[in-house]
Amino acid sequence: MKSQALGRGYQAIPFAMLAPAIGFALVLLIYWIQQPLILSDFGIVSLCNQSVALSLAAMAQTLVVIAGGIDLSVGSLISLSTCFAATYMGTSEGAAVPVLCATLLIGVLTGALNGALVVFGQLEPLIATLGTSFVFGGIALQIRPQPGGSVPPWFATMLTGNLSFLPYSLVLLLVTVCLIWVPLRKSRIGRAIQAVGNNEHSAYISGLNPKKAKLFAYATAGLLTAVAGLFITAQTTSGDPNVGDAYTLNSIAAVVLGGVSLRGGRGRIAGPILSGFLLSTIVSALLAWGISALWQSLIQGLVLLLVLAGVGLQIQRSESWRQFFG
Amino acid sequence: MEEALEITNRNPTWSGTGLVRQVTFPLALLIVLFIGAGFVNPRFLSWDSLRIQLTLAAFIGIAGIGQTLAILIGQIDLSIPANISLSAILSANVYGQTSNPILSLIAGCMVGAIAGLLNGIGIAWLRVPSLIWSLGINLVLQGTTLVYTDTAAPSSTIAPFARWIVTGTVVGVPIILAFWILLSAACLVVLDSTAFGRRIYALGNNELATAMSGINVFQVYFPVYLISGLTASITGILLSGYSGQTYLGIGDSYLLIPIAAVVIGGTTLAGGRGGYFGTMIGSVAVVLLDSVLTSLQVSPGLRKIFFGTIIVAMMLLFRRKRGLE
């Protein structure tokens with residue numbers, strides 16, 4: 001039964017990665033018809049700047065989902081890291097780099113806290129990370145009750161600038177994939193994460209350490225989320241305790257659209273990254289067509305529900321839903 | 001011994017572990033809080049202050065009816081805050097335009113009914129985890145509110161019945177309290193003494209076993225989410241009466257606090273255990289806790305951290321024991 005499901009899953013992956021690519025191309029086409037400037041240097045840069053944060057958040061979510069969990073605290077952790085970075089980065093000349101490192105460390109630690117609650121606290125990932133999302137959101141609100149703060153200009157340029165048609169945000173995304181994602185997936189612990197997501201018991205029987213693997217997955221996801229938060233800080237040059245709210249659901253939608261099974265144990269990163277671009281571009285494409293910005297969250301919400309409903313149907317058709325919830 | 005008790009006891013809410021847990025912890029917390037509040041500022045214990053606390057507790061308690069039921073079936077409803085906001089704004093606007101209190105009530109409740117139905121469709125039919133789906137519904141309701149208030153600004157004419165319920169008294173008893181107690185009694189009776197109530201516990205304990213014993217689980221999911229939507233709508237309408245106006249984000253603080261009230265009241269987030277009695281005490285406890293913290297000038301951020309930590313701690317304390325899988 002399980003191996004059958006696995007086989008089907010592996011076959012499904014190429015198609016799953018194709019779907020967001022086609023979707024993104026279509027949205028881009030619709031965008032381009034109304035606003036041809038989107039394919040200019042400036043257009044490409046702004047497109048990437050809008051999308052990279054969600055792709056990074058989706059990367060974090062993908063890792064946790066592959067490990068068989070889910071992270072509802074992605075959004076509040078993004079808020080927390082932007083608030084922290086924007087509040088302390090501009091305080092003095094030499095503060096930027098230490099604060100940058102501290103933000104990444106906060107990401108690792110908060111991710112590890114999620115992991116510890118799931119692994120040692122034996123809590124359901126959904127509930128545990130809902131609980132911590134309140135705590136992280138509270139810390140963000142405590143650091144910065146009102147939106148504001150500042151970042152050094154070089155920091156903003158370094159992440160959101162461009163070299164003719166090459167946006168630095170895309171470079172950041174590629175560097176993150178090459179420095180964090182690929183080494184992790186090739187490593188022993190990365191394989192353990194996938195094995196644990198597939199079947200925790202067999203992973204344990206075959207000599208892997210499921211606790212260590214899960215903890216590592218959550219901590220790395222925290223790190224990736226902090227990178228997303230830092231990027232948003234550079235993009236908005238400020239911190240906002242609510243800026244991350246939309247990222248929780250959007251990252252889950254990107255993961256799901258990217259063909260990563262919510263049951264864990266399989267999935268590749270290209271799909272979620274592309275889906276991040278797709279989901280971020282839909283809204284701006286609609287804005288280009290003259291739909292009021294007020295419709296933004298309604299449209300986003302409807303797109304999310306549609307994606308989730310699609311997955312719900314797929315899961316119902318393919319397998320017993322018990323496995324999904326159990 | 002305890003198992004035998006559980007089996008012979010027909011009413012799950014009142015069974016050994018259930019009620020003891022529902023009552024002891026929140027009651028102990030409440031007593032400590034009362035004493036603490038008295039030390040912080042004796043005026044906390046005056047009737048005027050208590051009446052305000054109890055009114056606020058009633059809002060949380062009424063919204064908590066739906067949240068308790070949703071959590072009892074092993075799910076959750078995160079669409080309550082946006083539901084409250086939209087219901088409050090829509091009912092006030094309908095009253096402002098038509099001066100018809102019945103229409104305004106219906107308009108407000110329609111929001112909750114639709115939200116409940118949508119929640120049921122996604123969670124029961126499509127089987128998307130409720131934590132994700134109801135959060136999505138929350139986003140859609142928020143978006144709808146934004147689009148709607150762009151065409152019709154939130155009205156400040158509130159239906160007199162909403163103001164009357166919140167501010168009025170009958171023979172010295174605040175009507176809002178009587179209303180809350182009435183709804184609570186209905187909720188307790190449904191949970192304890194009806195087949196529907198037992199099915200709620202059964203579903204929360206073991207969905208597969210419930211379905212296999214011939215119960216149509218959709219007939220539990222849908223009513224529970226409908227009730228949750230409606231109680232949130234009623235809270236929204238009453239809140240508009242309390243603040244005398246409506247605004248975007250009027251329900252924003254009703255995400256964390258009702259969940260905290262339910263959890264402090266001994267209902268486990270894993271489902272199947274607990275009941276509304278604990279939520280009632282929990283509602284008073286969280287309101288009192290919040291006001292004591294506020295009067296000590298604890299910032300909103302720290303209060304959020306505090307309540308979030310309580311929820312995580314309660315989850316760890318009352319988690320369902322999981323064997324080696």
# chains A, B, ... in the order shown; residues from 1 in each chain; ligands from 1
call {"tool": "interface_residues", "arguments": {"of": "chain B", "to": "chain A", "cutoff": "8 Å", "atoms": "only C-alpha atoms", "output": "count of residues only"}}
result
41
call {"tool": "residues_around", "arguments": {"residues": "Leu289 of chain B", "least_positions_apart": "2", "cutoff": "12 Å", "atoms": "only C-alpha atoms", "output": "PDB file with C-alpha atoms, in the first residue's frame"}}
result
ATOM      1  CA  PRO B  26      -9.384  27.584  35.810  1.00  0.00           C
ATOM      2  CA  LEU B  29      -6.422  30.460  38.464  1.00  0.00           C
ATOM      3  CA  LEU B  30      -9.525  32.583  38.940  1.00  0.00           C
ATOM      4  CA  ILE B  31      -9.163  32.639  42.739  1.00  0.00           C
ATOM      5  CA  VAL B  32      -5.474  33.517  42.494  1.00  0.00           C
ATOM      6  CA  LEU B  33      -6.354  36.228  39.995  1.00  0.00           C
ATOM      7  CA  PHE B  34      -9.076  37.670  42.204  1.00  0.00           C
ATOM      8  CA  ILE B  35      -6.713  37.862  45.157  1.00  0.00           C
ATOM      9  CA  GLY B  36      -3.962  39.237  42.915  1.00  0.00           C
ATOM     10  CA  ALA B  37      -6.330  41.777  41.396  1.00  0.00           C
ATOM     11  CA  VAL B  40      -2.992  45.318  42.534  1.00  0.00           C
ATOM     12  CA  PHE B  44     -10.982  45.633  40.604  1.00  0.00           C
ATOM     13  CA  GLN B  53     -15.112  42.226  33.246  1.00  0.00           C
ATOM     14  CA  LEU B  56     -16.137  41.222  28.241  1.00  0.00           C
ATOM     15  CA  ALA B  57     -16.063  37.620  29.453  1.00  0.00           C
ATOM     16  CA  ILE B 257      -8.136  34.937  23.645  1.00  0.00           C
ATOM     17  CA  ALA B 260      -6.849  30.550  25.519  1.00  0.00           C
ATOM     18  CA  ALA B 261     -10.184  30.488  27.377  1.00  0.00           C
ATOM     19  CA  ILE B 264      -7.445  27.067  30.200  1.00  0.00           C
ATOM     20  CA  GLY B 282     -11.787  30.173  31.443  1.00  0.00           C
ATOM     21  CA  SER B 283     -13.442  33.185  29.773  1.00  0.00           C
ATOM     22  CA  VAL B 284     -13.721  35.038  33.077  1.00  0.00           C
ATOM     23  CA  ALA B 285     -10.156  34.043  33.937  1.00  0.00           C
ATOM     24  CA  VAL B 286      -8.599  35.313  30.687  1.00  0.00           C
ATOM     25  CA  VAL B 287     -10.496  38.611  30.857  1.00  0.00           C
ATOM     26  CA  SER B 291      -7.127  43.483  32.699  1.00  0.00           C
ATOM     27  CA  VAL B 292      -4.750  42.835  35.584  1.00  0.00           C
ATOM     28  CA  LEU B 293      -1.854  42.728  33.113  1.00  0.00           C
ATOM     29  CA  THR B 294      -3.123  45.872  31.404  1.00  0.00           C
ATOM     30  CA  SER B 295      -3.439  47.740  34.692  1.00  0.00           C
ATOM     31  CA  LEU B 296       0.130  46.698  35.498  1.00  0.00           C
ATOM     32  CA  VAL B 298       2.182  45.198  30.568  1.00  0.00           C
ATOM     33  CA  ARG B 303       0.434  40.001  26.920  1.00  0.00           C
ATOM     34  CA  LYS B 304       0.335  38.158  23.611  1.00  0.00           C
ATOM     35  CA  PHE B 306       2.018  35.491  27.894  1.00  0.00           C
ATOM     36  CA  PHE B 307      -1.225  34.019  26.502  1.00  0.00           C
ATOM     37  CA  ILE B 310      -0.078  29.588  28.450  1.00  0.00           C
TER      38      ILE B 310
END
call {"tool": "residues_around", "arguments": {"residues": "Leu109 of chain A", "least_positions_apart": "4", "cutoff": "9 Å", "atoms": "only C-alpha atoms", "output": "JSON, numbers by chain"}}
result
{"A": [104, 105, 113, 114, 219, 222, 223]}
call {"tool": "closest_residue", "arguments": {"among": "A:Leu47, A:Ser81, A:Leu230, A:Lys212", "to": "Val27 of chain A", "atoms": "only C-alpha atoms"}}
result
A:Leu47
call {"tool": "select_by_dssp", "arguments": {"residues": "segment 2-180 of chain B", "states": "alpha helix (DSSP H)", "output": "NGL selection string"}}
result
:B and (2-8 or 16-40 or 47-72 or 80-98 or 101-120 or 130-151 or 160-167 or 175-180)
call {"tool": "residues_around", "arguments": {"residues": "Gly23 of chain A", "least_positions_apart": "3", "cutoff": "10 Å", "atoms": "only C-alpha atoms", "output": "MDAnalysis selection string"}}
result
chainID A and resid 18:20 26:29 274:275 277:279 282
